[in-house]
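*Asks:* Below is target-v2.cif; it holds mmCIF, C-alpha atoms.
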```
data_model
loop_
_atom_site.label_atom_id
_atom_site.label_comp_id
_atom_site.auth_asym_id
_atom_site.auth_seq_id
_atom_site.Cartn_x
_atom_site.Cartn_y
_atom_site.Cartn_z
CA MET K 14 -269.00 -79.78 -86.00
CA ARG K 15 -269.06 -81.18 -82.47
CA ALA K 16 -268.19 -84.68 -83.74
CA LEU K 17 -265.29 -83.27 -85.80
CA LYS K 18 -263.97 -81.36 -82.79
CA ALA K 19 -264.21 -84.51 -80.65
CA ILE K 20 -262.19 -86.50 -83.19
CA HIS K 21 -259.41 -83.91 -83.04
CA SER K 22 -259.22 -84.09 -79.23
CA LEU K 23 -258.88 -87.84 -78.76
CA THR K 24 -256.21 -89.18 -76.41
CA ALA K 25 -253.30 -91.29 -77.64
CA PRO K 26 -254.68 -94.54 -76.11
CA VAL K 27 -258.05 -93.97 -77.82
CA GLU K 28 -256.33 -93.38 -81.16
CA ASP K 29 -254.30 -96.56 -80.67
CA TYR K 30 -257.46 -98.58 -80.05
CA LEU K 31 -259.26 -97.15 -83.06
CA LYS K 32 -256.27 -97.79 -85.31
CA ALA K 33 -255.98 -101.39 -84.05
CA ILE K 34 -259.69 -102.04 -84.62
CA PHE K 35 -259.48 -100.58 -88.12
CA GLU K 36 -256.52 -102.79 -89.03
CA ILE K 37 -258.30 -105.90 -87.70
CA GLU K 38 -261.41 -105.01 -89.72
CA VAL K 39 -259.32 -104.59 -92.88
CA VAL K 40 -257.74 -108.03 -92.48
CA GLU K 41 -261.04 -109.74 -91.73
CA THR K 42 -262.78 -108.04 -94.64
CA ALA K 43 -260.05 -109.29 -96.98
CA ASP K 44 -260.47 -112.83 -95.68
CA SER K 45 -264.27 -112.97 -95.65
CA GLU K 46 -267.30 -111.52 -97.35
CA ARG K 47 -269.03 -111.08 -93.99
CA PRO K 48 -269.07 -107.66 -92.29
CA SER K 49 -265.91 -107.36 -90.26
CA VAL K 50 -265.75 -107.03 -86.48
CA ALA K 51 -262.87 -106.95 -84.01
CA GLY K 52 -262.90 -109.29 -81.03
CA THR K 53 -261.56 -108.41 -77.59
CA THR K 54 -258.75 -110.94 -77.82
CA GLU K 55 -257.68 -109.69 -81.24
CA ILE K 56 -257.59 -106.10 -80.01
CA ALA K 57 -255.57 -107.10 -76.96
CA GLN K 58 -253.06 -108.99 -79.10
CA ALA K 59 -252.71 -106.05 -81.50
CA LEU K 60 -252.00 -103.67 -78.62
CA GLY K 61 -249.91 -106.08 -76.55
CA ILE K 62 -252.12 -105.87 -73.47
CA ALA K 63 -254.27 -108.26 -71.44
CA PRO K 64 -257.81 -108.92 -72.74
CA ALA K 65 -259.25 -107.92 -69.38
CA SER K 66 -257.85 -104.42 -69.89
CA VAL K 67 -259.72 -103.96 -73.17
CA THR K 68 -263.31 -104.14 -71.94
CA GLY K 69 -263.31 -100.85 -70.06
CA MET K 70 -261.85 -98.89 -72.97
CA LEU K 71 -264.36 -100.40 -75.39
CA ARG K 72 -267.17 -99.16 -73.17
CA ARG K 73 -265.66 -95.66 -73.29
CA LEU K 74 -265.34 -95.81 -77.07
CA ALA K 75 -268.95 -96.94 -77.37
CA ASP K 76 -270.10 -94.11 -75.07
CA GLN K 77 -268.28 -91.64 -77.34
CA GLY K 78 -269.99 -93.06 -80.42
CA LEU K 79 -266.73 -94.32 -81.91
CA ILE K 80 -267.61 -98.02 -82.00
CA SER K 81 -270.69 -100.24 -81.91
CA TYR K 82 -271.04 -103.64 -80.31
CA GLU K 83 -272.18 -106.72 -82.17
CA ARG K 84 -273.45 -109.19 -79.62
CA TYR K 85 -271.31 -112.31 -79.12
CA ARG K 86 -268.93 -111.23 -81.90
CA GLY K 87 -267.06 -108.02 -81.12
CA VAL K 88 -266.99 -104.37 -82.07
CA ARG K 89 -267.07 -102.36 -85.26
CA LEU K 90 -265.99 -98.79 -85.90
CA SER K 91 -268.71 -96.20 -86.38
CA ASP K 92 -268.36 -93.62 -89.15
CA ALA K 93 -266.80 -91.23 -86.64
CA GLY K 94 -264.48 -93.94 -85.35
CA ARG K 95 -263.35 -94.79 -88.87
CA ARG K 96 -262.60 -91.15 -89.65
CA ALA K 97 -260.54 -90.88 -86.47
CA ALA K 98 -258.66 -94.10 -87.23
CA LEU K 99 -257.83 -92.97 -90.76
CA ARG K 100 -256.63 -89.63 -89.45
CA THR K 101 -254.16 -91.41 -87.13
CA ILE K 102 -253.10 -93.82 -89.87
CA ARG K 103 -252.44 -90.89 -92.22
CA ARG K 104 -250.23 -89.21 -89.63
CA HIS K 105 -248.32 -92.43 -89.02
CA ARG K 106 -247.68 -93.25 -92.66
CA VAL K 107 -246.80 -89.70 -93.73
CA ILE K 108 -244.29 -89.53 -90.87
CA GLU K 109 -242.74 -92.82 -92.01
CA ALA K 110 -242.49 -91.55 -95.59
CA TYR K 111 -240.99 -88.24 -94.46
CA LEU K 112 -238.40 -89.92 -92.27
CA THR K 113 -237.20 -92.10 -95.14
CA LYS K 114 -237.39 -89.58 -97.99
CA ALA K 115 -236.37 -86.36 -96.26
CA LEU K 116 -234.17 -87.59 -93.41
CA GLY K 117 -232.73 -90.80 -94.83
CA TYR K 118 -234.04 -93.15 -92.14
CA PRO K 119 -233.87 -96.85 -93.11
CA TRP K 120 -237.28 -98.46 -93.48
CA ASP K 121 -236.73 -100.83 -90.56
CA ARG K 122 -236.53 -97.92 -88.06
CA VAL K 123 -239.41 -95.66 -89.05
CA HIS K 124 -242.33 -97.63 -87.58
CA GLU K 125 -241.38 -97.13 -83.95
CA GLU K 126 -240.51 -93.47 -84.55
CA ALA K 127 -243.89 -92.90 -86.19
CA GLU K 128 -245.66 -94.66 -83.31
CA ARG K 129 -244.18 -92.08 -80.94
CA LEU K 130 -244.81 -89.04 -83.15
CA GLU K 131 -248.23 -89.79 -84.64
CA HIS K 132 -250.18 -88.57 -81.59
CA ALA K 133 -248.29 -85.29 -81.24
CA ALA K 134 -248.20 -84.05 -84.85
CA SER K 135 -250.93 -81.66 -85.97
CA ASP K 136 -252.83 -82.17 -89.21
CA ASP K 137 -251.23 -79.00 -90.58
CA LEU K 138 -247.74 -80.33 -89.88
CA ILE K 139 -248.58 -83.66 -91.51
CA ASP K 140 -249.94 -81.90 -94.61
CA ARG K 141 -246.74 -79.82 -94.86
CA MET K 142 -244.57 -82.92 -94.47
CA ALA K 143 -246.52 -84.69 -97.22
CA ALA K 144 -246.20 -81.68 -99.53
CA ALA K 145 -242.46 -81.44 -98.86
CA ILE K 146 -241.86 -84.97 -100.17
CA GLY K 147 -244.19 -84.84 -103.15
CA GLU K 148 -247.50 -86.07 -101.70
CA PRO K 149 -246.64 -89.78 -101.45
CA THR K 150 -249.48 -92.25 -101.85
CA THR K 151 -247.79 -95.06 -99.91
CA ASP K 152 -245.47 -95.35 -96.93
CA PRO K 153 -242.00 -96.98 -97.20
CA HIS K 154 -243.52 -100.43 -96.69
CA GLY K 155 -246.08 -99.97 -99.46
CA ALA K 156 -249.13 -99.33 -97.27
CA PRO K 157 -251.52 -96.76 -98.82
CA ILE K 158 -251.69 -93.33 -97.16
CA PRO K 159 -255.20 -91.99 -96.45
CA THR K 160 -255.99 -88.65 -98.07
CA ARG K 161 -256.57 -85.42 -96.16
CA GLU K 162 -260.29 -86.02 -96.73
CA GLY K 163 -260.15 -89.39 -95.00
CA THR K 164 -260.41 -91.73 -97.96
CA LEU K 165 -258.21 -94.79 -98.38
CA GLU K 166 -257.69 -96.71 -101.60
CA SER K 167 -256.52 -100.25 -100.93
CA PRO K 168 -256.02 -102.27 -104.11
CA PRO K 169 -256.65 -106.01 -103.77
CA LEU K 170 -253.40 -107.82 -103.02
CA LEU K 171 -252.40 -111.44 -102.61
CA ALA K 172 -250.08 -112.81 -99.95
CA LEU K 173 -246.92 -114.18 -101.53
CA VAL K 174 -247.41 -117.46 -99.68
CA ASP K 175 -250.57 -118.06 -101.76
CA VAL K 176 -249.01 -117.39 -105.18
CA ASP K 177 -248.89 -120.36 -107.57
CA VAL K 178 -245.57 -121.81 -108.66
CA GLY K 179 -244.51 -120.26 -111.96
CA ALA K 180 -246.40 -116.99 -111.45
CA ARG K 181 -244.61 -113.67 -111.73
CA VAL K 182 -245.73 -110.99 -109.29
CA ARG K 183 -244.78 -107.50 -108.16
CA VAL K 184 -244.28 -106.78 -104.47
CA ARG K 185 -246.56 -103.96 -103.31
CA GLN K 186 -246.56 -104.08 -99.52
CA VAL K 187 -244.83 -105.81 -96.61
CA GLY K 188 -245.62 -106.04 -92.91
CA ASP K 189 -243.81 -103.32 -91.00
CA ARG K 190 -243.76 -104.47 -87.36
CA ASP K 191 -240.52 -106.49 -87.27
CA PRO K 192 -237.27 -104.57 -87.96
CA GLU K 193 -235.19 -107.75 -88.39
CA ARG K 194 -237.65 -109.09 -90.94
CA LEU K 195 -237.52 -105.81 -92.86
CA ARG K 196 -233.71 -105.82 -92.91
CA TYR K 197 -233.71 -109.39 -94.18
CA LEU K 198 -236.21 -108.66 -96.94
CA ALA K 199 -234.15 -105.62 -97.96
CA GLU K 200 -231.03 -107.78 -98.24
CA LEU K 201 -232.93 -110.13 -100.55
CA GLY K 202 -234.39 -107.26 -102.59
CA VAL K 203 -237.96 -108.30 -101.72
CA THR K 204 -239.27 -104.78 -101.19
CA PRO K 205 -242.10 -102.75 -102.77
CA GLY K 206 -241.55 -102.55 -106.53
CA ALA K 207 -239.65 -105.84 -106.80
CA ASP K 208 -240.65 -108.30 -109.53
CA VAL K 209 -240.34 -111.91 -108.45
CA ARG K 210 -241.26 -115.31 -109.82
CA VAL K 211 -242.26 -118.22 -107.60
CA VAL K 212 -239.92 -120.96 -108.77
CA ALA K 213 -240.71 -123.77 -106.37
CA ARG K 214 -242.53 -124.60 -103.16
CA ALA K 215 -241.23 -127.36 -100.89
CA PRO K 216 -243.94 -129.69 -99.49
CA PHE K 217 -245.16 -129.83 -95.89
CA GLY K 218 -244.69 -126.14 -95.18
CA GLY K 219 -241.16 -125.98 -96.53
CA PRO K 220 -239.41 -122.94 -98.03
CA ILE K 221 -240.59 -121.08 -101.12
CA THR K 222 -237.97 -120.42 -103.79
CA LEU K 223 -238.18 -117.02 -105.46
CA ARG K 224 -236.40 -115.64 -108.49
CA ILE K 225 -235.77 -111.92 -108.03
CA MET K 226 -236.22 -110.46 -111.50
CA ARG K 227 -235.97 -106.84 -110.41
CA ALA K 228 -235.13 -105.58 -106.93
CA GLY K 229 -237.45 -103.21 -105.12
CA ASN K 230 -236.82 -99.54 -104.50
CA ALA K 231 -237.66 -99.06 -100.84
CA GLY K 232 -235.52 -99.41 -97.78
CA SER K 233 -232.82 -101.56 -99.32
CA ARG K 234 -229.50 -99.84 -99.82
CA GLY K 235 -227.31 -101.71 -102.24
CA VAL K 236 -230.13 -103.67 -103.91
CA ARG K 237 -232.24 -100.85 -105.34
CA GLY K 238 -233.23 -100.72 -108.98
CA ALA K 239 -232.77 -103.27 -111.72
CA LEU K 240 -230.55 -106.30 -111.17
CA ARG K 241 -227.83 -107.14 -113.67
CA ARG K 242 -229.20 -110.65 -113.69
CA SER K 243 -231.93 -112.46 -111.83
CA ARG K 244 -231.06 -114.42 -108.72
CA ASP K 245 -232.79 -116.98 -106.56
CA CYS K 246 -233.50 -117.00 -102.86
CA ALA K 247 -235.70 -118.97 -100.48
CA ILE K 248 -238.01 -117.70 -97.74
CA GLY K 249 -240.25 -119.50 -95.28
CA PRO K 250 -244.06 -119.50 -95.52
CA ALA K 251 -244.45 -117.33 -92.39
CA LEU K 252 -242.35 -114.60 -93.97
CA ALA K 253 -244.06 -115.00 -97.35
CA ALA K 254 -247.40 -114.45 -95.60
CA GLN K 255 -246.22 -110.92 -94.70
CA VAL K 256 -245.36 -109.98 -98.30
CA PHE K 257 -248.28 -108.76 -100.42
CA VAL K 258 -248.17 -108.74 -104.19
CA GLU K 259 -250.12 -108.18 -107.39
CA LYS K 260 -249.94 -110.52 -110.34
CA ARG K 261 -248.07 -109.39 -113.45
CA ARG K 262 -249.56 -109.83 -116.91
CA ALA K 263 -247.48 -111.59 -119.53
CA SER K 264 -247.46 -108.40 -121.63
CA GLU K 265 -245.68 -106.56 -118.81
CA GLY K 266 -242.57 -108.67 -119.25
#
```
Have the structure of the file written as structure tokens, please.

*Replies:*
Amino acid sequence: MRALKAIHSLTAPVEDYLKAIFEIEVVETADSERPSVAGTTEIAQALGIAPASVTGMLRRLADQGLISYERYRGVRLSDAGRRAALRTIRRHRVIEAYLTKALGYPWDRVHEEAERLEHAASDDLIDRMAAAIGEPTTDPHGAPIPTREGTLESPPLLALVDVDVGARVRVRQVGDRDPERLRYLAELGVTPGADVRVVARAPFGGPITLRIMRAGNAGSRGVRGALRRSRDCAIGPALAAQVFVEKRRASEG
């Protein structure tokens, strides 16, 4: 009970640190079979602060039992730290979903709004917001929303940059940190729910040509729903690395 109470009384900076560490762990776990840890430099980059500023906060988090140190490698969330991180992530993603579904915010504006609101909203308010919009399972960018109980289902996804030429895939999630990138993807129709085929890949890091078979249904006014006919577009590898997809079976059309 004491640990639960402590989680509910964390400061905004502590929640930001825990969320950043969680997101780093998720990325590293996807890229490696080794247990994931977050390094000081990675945490600093995620939060946009100097590495020297991170050390003191990590000591505080360790003293509170929210992280553990792994010598010469970095830090890892404890069970309590993970629960706290997921609680913050739930608030953030439910707020994003509510802003788009209930208030009509475009998907390129909700991230910053949610960053400001996620520390102030109570769990009860978040639960009511989720109920009001039909208990969404993902945010507008396709990221899964943790449950009230603190569980998170993250299906295995592949970065679009790694998809073979000729493969047909469905967009499930996109990076949400860059509003200009989101607006551009929306114009192309490369949003969650879109079906695309990788038509060609230019050598030496050149552009990737996509055939948009069906436009996505999130954040893109004017390109939602099925296309009258497929169309081609090209995106760079750096942008394709921020689009996450699942492969489509031939039987799915």

*Asks:* Pull the neighbourhood of (-251.0, -100.5, -98.5) for me: all residues within 9 Å in file coordinates, counting only C-alpha atoms, as number ranges by chain.

*Replies:* K: 151-152, 154-158, 166-168, 170, 185-187, 257

*Asks:* So that I can see what lies close to stretch 102-104 of chain K, please list as a ChimeraX atom specification the residues with an atom at most 10 Å from it, counting all atoms listed in the file and leaving out residues fewer than 2 positions away in the same chain.

*Replies:* /K:28-29,31-33,35-36,96-100,106-109,127-128,130-136,138-140,142-143,151-152,157-161,163-165

*Asks:* Just write the chosen residues, C-alpha atoms, as a PDB file, keeping the file's coordinate frame.

*Replies:*
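Result file follows (selection.pdb):
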```pdb
ATOM      1  CA  GLU K  28    -256.330 -93.380 -81.160  1.00  0.00           C
ATOM      2  CA  ASP K  29    -254.300 -96.560 -80.670  1.00  0.00           C
ATOM      3  CA  LEU K  31    -259.260 -97.150 -83.060  1.00  0.00           C
ATOM      4  CA  LYS K  32    -256.270 -97.790 -85.310  1.00  0.00           C
ATOM      5  CA  ALA K  33    -255.980-101.390 -84.050  1.00  0.00           C
ATOM      6  CA  PHE K  35    -259.480-100.580 -88.120  1.00  0.00           C
ATOM      7  CA  GLU K  36    -256.520-102.790 -89.030  1.00  0.00           C
ATOM      8  CA  ARG K  96    -262.600 -91.150 -89.650  1.00  0.00           C
ATOM      9  CA  ALA K  97    -260.540 -90.880 -86.470  1.00  0.00           C
ATOM     10  CA  ALA K  98    -258.660 -94.100 -87.230  1.00  0.00           C
ATOM     11  CA  LEU K  99    -257.830 -92.970 -90.760  1.00  0.00           C
ATOM     12  CA  ARG K 100    -256.630 -89.630 -89.450  1.00  0.00           C
ATOM     13  CA  ARG K 106    -247.680 -93.250 -92.660  1.00  0.00           C
ATOM     14  CA  VAL K 107    -246.800 -89.700 -93.730  1.00  0.00           C
ATOM     15  CA  ILE K 108    -244.290 -89.530 -90.870  1.00  0.00           C
ATOM     16  CA  GLU K 109    -242.740 -92.820 -92.010  1.00  0.00           C
ATOM     17  CA  ALA K 127    -243.890 -92.900 -86.190  1.00  0.00           C
ATOM     18  CA  GLU K 128    -245.660 -94.660 -83.310  1.00  0.00           C
ATOM     19  CA  LEU K 130    -244.810 -89.040 -83.150  1.00  0.00           C
ATOM     20  CA  GLU K 131    -248.230 -89.790 -84.640  1.00  0.00           C
ATOM     21  CA  HIS K 132    -250.180 -88.570 -81.590  1.00  0.00           C
ATOM     22  CA  ALA K 133    -248.290 -85.290 -81.240  1.00  0.00           C
ATOM     23  CA  ALA K 134    -248.200 -84.050 -84.850  1.00  0.00           C
ATOM     24  CA  SER K 135    -250.930 -81.660 -85.970  1.00  0.00           C
ATOM     25  CA  ASP K 136    -252.830 -82.170 -89.210  1.00  0.00           C
ATOM     26  CA  LEU K 138    -247.740 -80.330 -89.880  1.00  0.00           C
ATOM     27  CA  ILE K 139    -248.580 -83.660 -91.510  1.00  0.00           C
ATOM     28  CA  ASP K 140    -249.940 -81.900 -94.610  1.00  0.00           C
ATOM     29  CA  MET K 142    -244.570 -82.920 -94.470  1.00  0.00           C
ATOM     30  CA  ALA K 143    -246.520 -84.690 -97.220  1.00  0.00           C
ATOM     31  CA  THR K 151    -247.790 -95.060 -99.910  1.00  0.00           C
ATOM     32  CA  ASP K 152    -245.470 -95.350 -96.930  1.00  0.00           C
ATOM     33  CA  PRO K 157    -251.520 -96.760 -98.820  1.00  0.00           C
ATOM     34  CA  ILE K 158    -251.690 -93.330 -97.160  1.00  0.00           C
ATOM     35  CA  PRO K 159    -255.200 -91.990 -96.450  1.00  0.00           C
ATOM     36  CA  THR K 160    -255.990 -88.650 -98.070  1.00  0.00           C
ATOM     37  CA  ARG K 161    -256.570 -85.420 -96.160  1.00  0.00           C
ATOM     38  CA  GLY K 163    -260.150 -89.390 -95.000  1.00  0.00           C
ATOM     39  CA  THR K 164    -260.410 -91.730 -97.960  1.00  0.00           C
ATOM     40  CA  LEU K 165    -258.210 -94.790 -98.380  1.00  0.00           C
TER      41      LEU K 165
END
```

*Asks:* What is the distance, in Å and to one decimal place, between atom CA of K:Val88 and atom CA of K:Val50?

*Replies:* 5.3 Å

*Asks:* Figure out the distance between atom CA of K:Gly229 and atom CA of K:Gly206, please, to one decimal in Å.

*Replies:*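 For atom CA of K:Gly206 relative to atom CA of K:Gly229, the distance reads 4.4 Å.
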
*Asks:* Within 12 Å of K:Arg73, counting all atoms listed in the file, which residues show up once you throw out same-chain ones fewer than 6 positions away? Write them as a list in words, please.

*Replies:* Leu23, Thr24, Pro26, Val27, Tyr30, Leu31, Val67, Leu79, Ile80, Ser81 and Tyr82 of chain K

*Asks:* Let me see the file: selected residues, C-alpha atoms, as a PDB file, keeping the file's coordinate frame.

*Replies:*
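Output (result.pdb):
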```pdb
ATOM      1  CA  LEU K  23    -258.880 -87.840 -78.760  1.00  0.00           C
ATOM      2  CA  THR K  24    -256.210 -89.180 -76.410  1.00  0.00           C
ATOM      3  CA  PRO K  26    -254.680 -94.540 -76.110  1.00  0.00           C
ATOM      4  CA  VAL K  27    -258.050 -93.970 -77.820  1.00  0.00           C
ATOM      5  CA  TYR K  30    -257.460 -98.580 -80.050  1.00  0.00           C
ATOM      6  CA  LEU K  31    -259.260 -97.150 -83.060  1.00  0.00           C
ATOM      7  CA  VAL K  67    -259.720-103.960 -73.170  1.00  0.00           C
ATOM      8  CA  LEU K  79    -266.730 -94.320 -81.910  1.00  0.00           C
ATOM      9  CA  ILE K  80    -267.610 -98.020 -82.000  1.00  0.00           C
ATOM     10  CA  SER K  81    -270.690-100.240 -81.910  1.00  0.00           C
ATOM     11  CA  TYR K  82    -271.040-103.640 -80.310  1.00  0.00           C
TER      12      TYR K  82
END
```

*Asks:* Return the single residue from K:Ala144, K:Gly94, K:Ser22, K:Thr101 that is closest to K:Asp76, with distances computed using only C-alpha atoms.

*Replies:*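 Of the candidates, the smallest distance to K:Asp76 is held by K:Gly94.
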
*Asks:* For the file shown, report as a list in words the outcome of the PyMOL selection byres ((chain K and resi 198) around 10) at residue level.

*Replies:*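 Given this file, the PyMOL selection byres ((chain K and resi 198) around 10) evaluates to Val187, Pro192, Glu193, Arg194, Leu195, Arg196, Tyr197, Ala199, Glu200, Leu201, Gly202, Val203, Thr204, Gly229, Gly232, Ser233, Ile248, Leu252 and Val256 of chain K.
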
*Asks:* In Å, how far is it from atom CA of K:Ala251 to atom CA of K:Ile56?

*Replies:*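 Spanning atom CA of K:Ala251 to atom CA of K:Ile56 is a straight-line distance of 21.3 Å.
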
*Asks:* Which one of K:Gln58, K:Ser66, K:Gln255, K:Thr53 sits closest to K:Gly188 if you count all atoms listed in the file?

*Replies:*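 Residue with the minimum atom-to-atom distance to K:Gly188: K:Gln255.
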
*Asks:* Let me make sure I understand: among K:Glu38, K:Ile62, K:Arg129, K:Arg89, which one has the smallest atom-to-atom distance to K:Ala75 if we use all atoms listed in the file?

*Replies:*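 The answer is K:Arg89, which sits nearest to K:Ala75.
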
*Asks:* Could you tell me which residues the PyMOL selection byres ((chain K and resi 214) around 12) returns for this structure, as an NGL selection string?

*Replies:* :K and (173-180 or 210-213 or 215-223 or 246-250 or 253)

*Asks:* Dump C-alpha atoms for the selected residues as a short mmCIF file (atom, residue, chain, number, x, y, z; two decimals), in the coordinates of the input?

*Replies:*
```
data_model
loop_
_atom_site.label_atom_id
_atom_site.label_comp_id
_atom_site.auth_asym_id
_atom_site.auth_seq_id
_atom_site.Cartn_x
_atom_site.Cartn_y
_atom_site.Cartn_z
CA LEU K 173 -246.92 -114.18 -101.53
CA VAL K 174 -247.41 -117.46 -99.68
CA ASP K 175 -250.57 -118.06 -101.76
CA VAL K 176 -249.01 -117.39 -105.18
CA ASP K 177 -248.89 -120.36 -107.57
CA VAL K 178 -245.57 -121.81 -108.66
CA GLY K 179 -244.51 -120.26 -111.96
CA ALA K 180 -246.40 -116.99 -111.45
CA ARG K 210 -241.26 -115.31 -109.82
CA VAL K 211 -242.26 -118.22 -107.60
CA VAL K 212 -239.92 -120.96 -108.77
CA ALA K 213 -240.71 -123.77 -106.37
CA ALA K 215 -241.23 -127.36 -100.89
CA PRO K 216 -243.94 -129.69 -99.49
CA PHE K 217 -245.16 -129.83 -95.89
CA GLY K 218 -244.69 -126.14 -95.18
CA GLY K 219 -241.16 -125.98 -96.53
CA PRO K 220 -239.41 -122.94 -98.03
CA ILE K 221 -240.59 -121.08 -101.12
CA THR K 222 -237.97 -120.42 -103.79
CA LEU K 223 -238.18 -117.02 -105.46
CA CYS K 246 -233.50 -117.00 -102.86
CA ALA K 247 -235.70 -118.97 -100.48
CA ILE K 248 -238.01 -117.70 -97.74
CA GLY K 249 -240.25 -119.50 -95.28
CA PRO K 250 -244.06 -119.50 -95.52
CA ALA K 253 -244.06 -115.00 -97.35
#
```

*Asks:* Measuring between only C-alpha atoms, which one of K:Asp245, K:Glu259, K:Asp191, K:Asp208 shows the shortest distance to K:Trp120?

*Replies:*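 With only C-alpha atoms as the atom set, the closest residue is K:Asp191.
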
*Asks:* Kindly extract all protein, DNA and RNA residues lying within 7 Å of the coordinates (-247.2, -109.9, -107.5) given in the file, considering all atoms listed in the file, and supply them as a tab-separated table (two decimals) with C-alpha atoms, in the frame of the given file.

*Replies:*
```
chain	number	residue	atom	x	y	z
K	181	ARG	CA	-244.61	-113.67	-111.73
K	182	VAL	CA	-245.73	-110.99	-109.29
K	183	ARG	CA	-244.78	-107.50	-108.16
K	184	VAL	CA	-244.28	-106.78	-104.47
K	258	VAL	CA	-248.17	-108.74	-104.19
K	259	GLU	CA	-250.12	-108.18	-107.39
K	260	LYS	CA	-249.94	-110.52	-110.34
K	261	ARG	CA	-248.07	-109.39	-113.45
```

*Asks:* Output requested as a PDB file, in the coordinates of the input - stretch 169-182 of chain K, filled out with N, CA and C atoms.

*Replies:*
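See selection_34.pdb below for the written result:
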```pdb
ATOM      1  N   PRO K 169    -256.687-104.610-104.212  1.00  0.00           N
ATOM      2  CA  PRO K 169    -256.650-106.010-103.770  1.00  0.00           C
ATOM      3  C   PRO K 169    -255.273-106.621-103.992  1.00  0.00           C
ATOM      4  N   LEU K 170    -254.724-107.206-102.952  1.00  0.00           N
ATOM      5  CA  LEU K 170    -253.400-107.820-103.020  1.00  0.00           C
ATOM      6  C   LEU K 170    -253.488-109.264-102.553  1.00  0.00           C
ATOM      7  N   LEU K 171    -252.491-110.025-102.933  1.00  0.00           N
ATOM      8  CA  LEU K 171    -252.400-111.440-102.610  1.00  0.00           C
ATOM      9  C   LEU K 171    -251.151-111.682-101.784  1.00  0.00           C
ATOM     10  N   ALA K 172    -251.264-112.465-100.723  1.00  0.00           N
ATOM     11  CA  ALA K 172    -250.080-112.810 -99.950  1.00  0.00           C
ATOM     12  C   ALA K 172    -249.170-113.699-100.801  1.00  0.00           C
ATOM     13  N   LEU K 173    -247.879-113.433-100.729  1.00  0.00           N
ATOM     14  CA  LEU K 173    -246.920-114.180-101.530  1.00  0.00           C
ATOM     15  C   LEU K 173    -246.987-115.679-101.250  1.00  0.00           C
ATOM     16  N   VAL K 174    -247.341-116.048-100.035  1.00  0.00           N
ATOM     17  CA  VAL K 174    -247.410-117.460 -99.680  1.00  0.00           C
ATOM     18  C   VAL K 174    -248.491-118.188-100.487  1.00  0.00           C
ATOM     19  N   ASP K 175    -249.466-117.452-101.022  1.00  0.00           N
ATOM     20  CA  ASP K 175    -250.570-118.060-101.760  1.00  0.00           C
ATOM     21  C   ASP K 175    -250.387-118.019-103.278  1.00  0.00           C
ATOM     22  N   VAL K 176    -249.254-117.516-103.745  1.00  0.00           N
ATOM     23  CA  VAL K 176    -249.010-117.390-105.180  1.00  0.00           C
ATOM     24  C   VAL K 176    -248.632-118.753-105.765  1.00  0.00           C
ATOM     25  N   ASP K 177    -249.173-119.077-106.924  1.00  0.00           N
ATOM     26  CA  ASP K 177    -248.890-120.360-107.570  1.00  0.00           C
ATOM     27  C   ASP K 177    -247.454-120.409-108.080  1.00  0.00           C
ATOM     28  N   VAL K 178    -246.903-121.596-108.080  1.00  0.00           N
ATOM     29  CA  VAL K 178    -245.570-121.810-108.660  1.00  0.00           C
ATOM     30  C   VAL K 178    -245.604-121.438-110.143  1.00  0.00           C
ATOM     31  N   GLY K 179    -244.610-120.691-110.577  1.00  0.00           N
ATOM     32  CA  GLY K 179    -244.510-120.260-111.960  1.00  0.00           C
ATOM     33  C   GLY K 179    -245.036-118.860-112.208  1.00  0.00           C
ATOM     34  N   ALA K 180    -245.808-118.325-111.264  1.00  0.00           N
ATOM     35  CA  ALA K 180    -246.400-116.990-111.450  1.00  0.00           C
ATOM     36  C   ALA K 180    -245.353-115.914-111.186  1.00  0.00           C
ATOM     37  N   ARG K 181    -245.456-114.833-111.960  1.00  0.00           N
ATOM     38  CA  ARG K 181    -244.610-113.670-111.730  1.00  0.00           C
ATOM     39  C   ARG K 181    -245.467-112.578-111.102  1.00  0.00           C
ATOM     40  N   VAL K 182    -244.964-111.975-110.036  1.00  0.00           N
ATOM     41  CA  VAL K 182    -245.730-110.990-109.290  1.00  0.00           C
ATOM     42  C   VAL K 182    -244.851-109.785-108.962  1.00  0.00           C
TER      43      VAL K 182
END
```
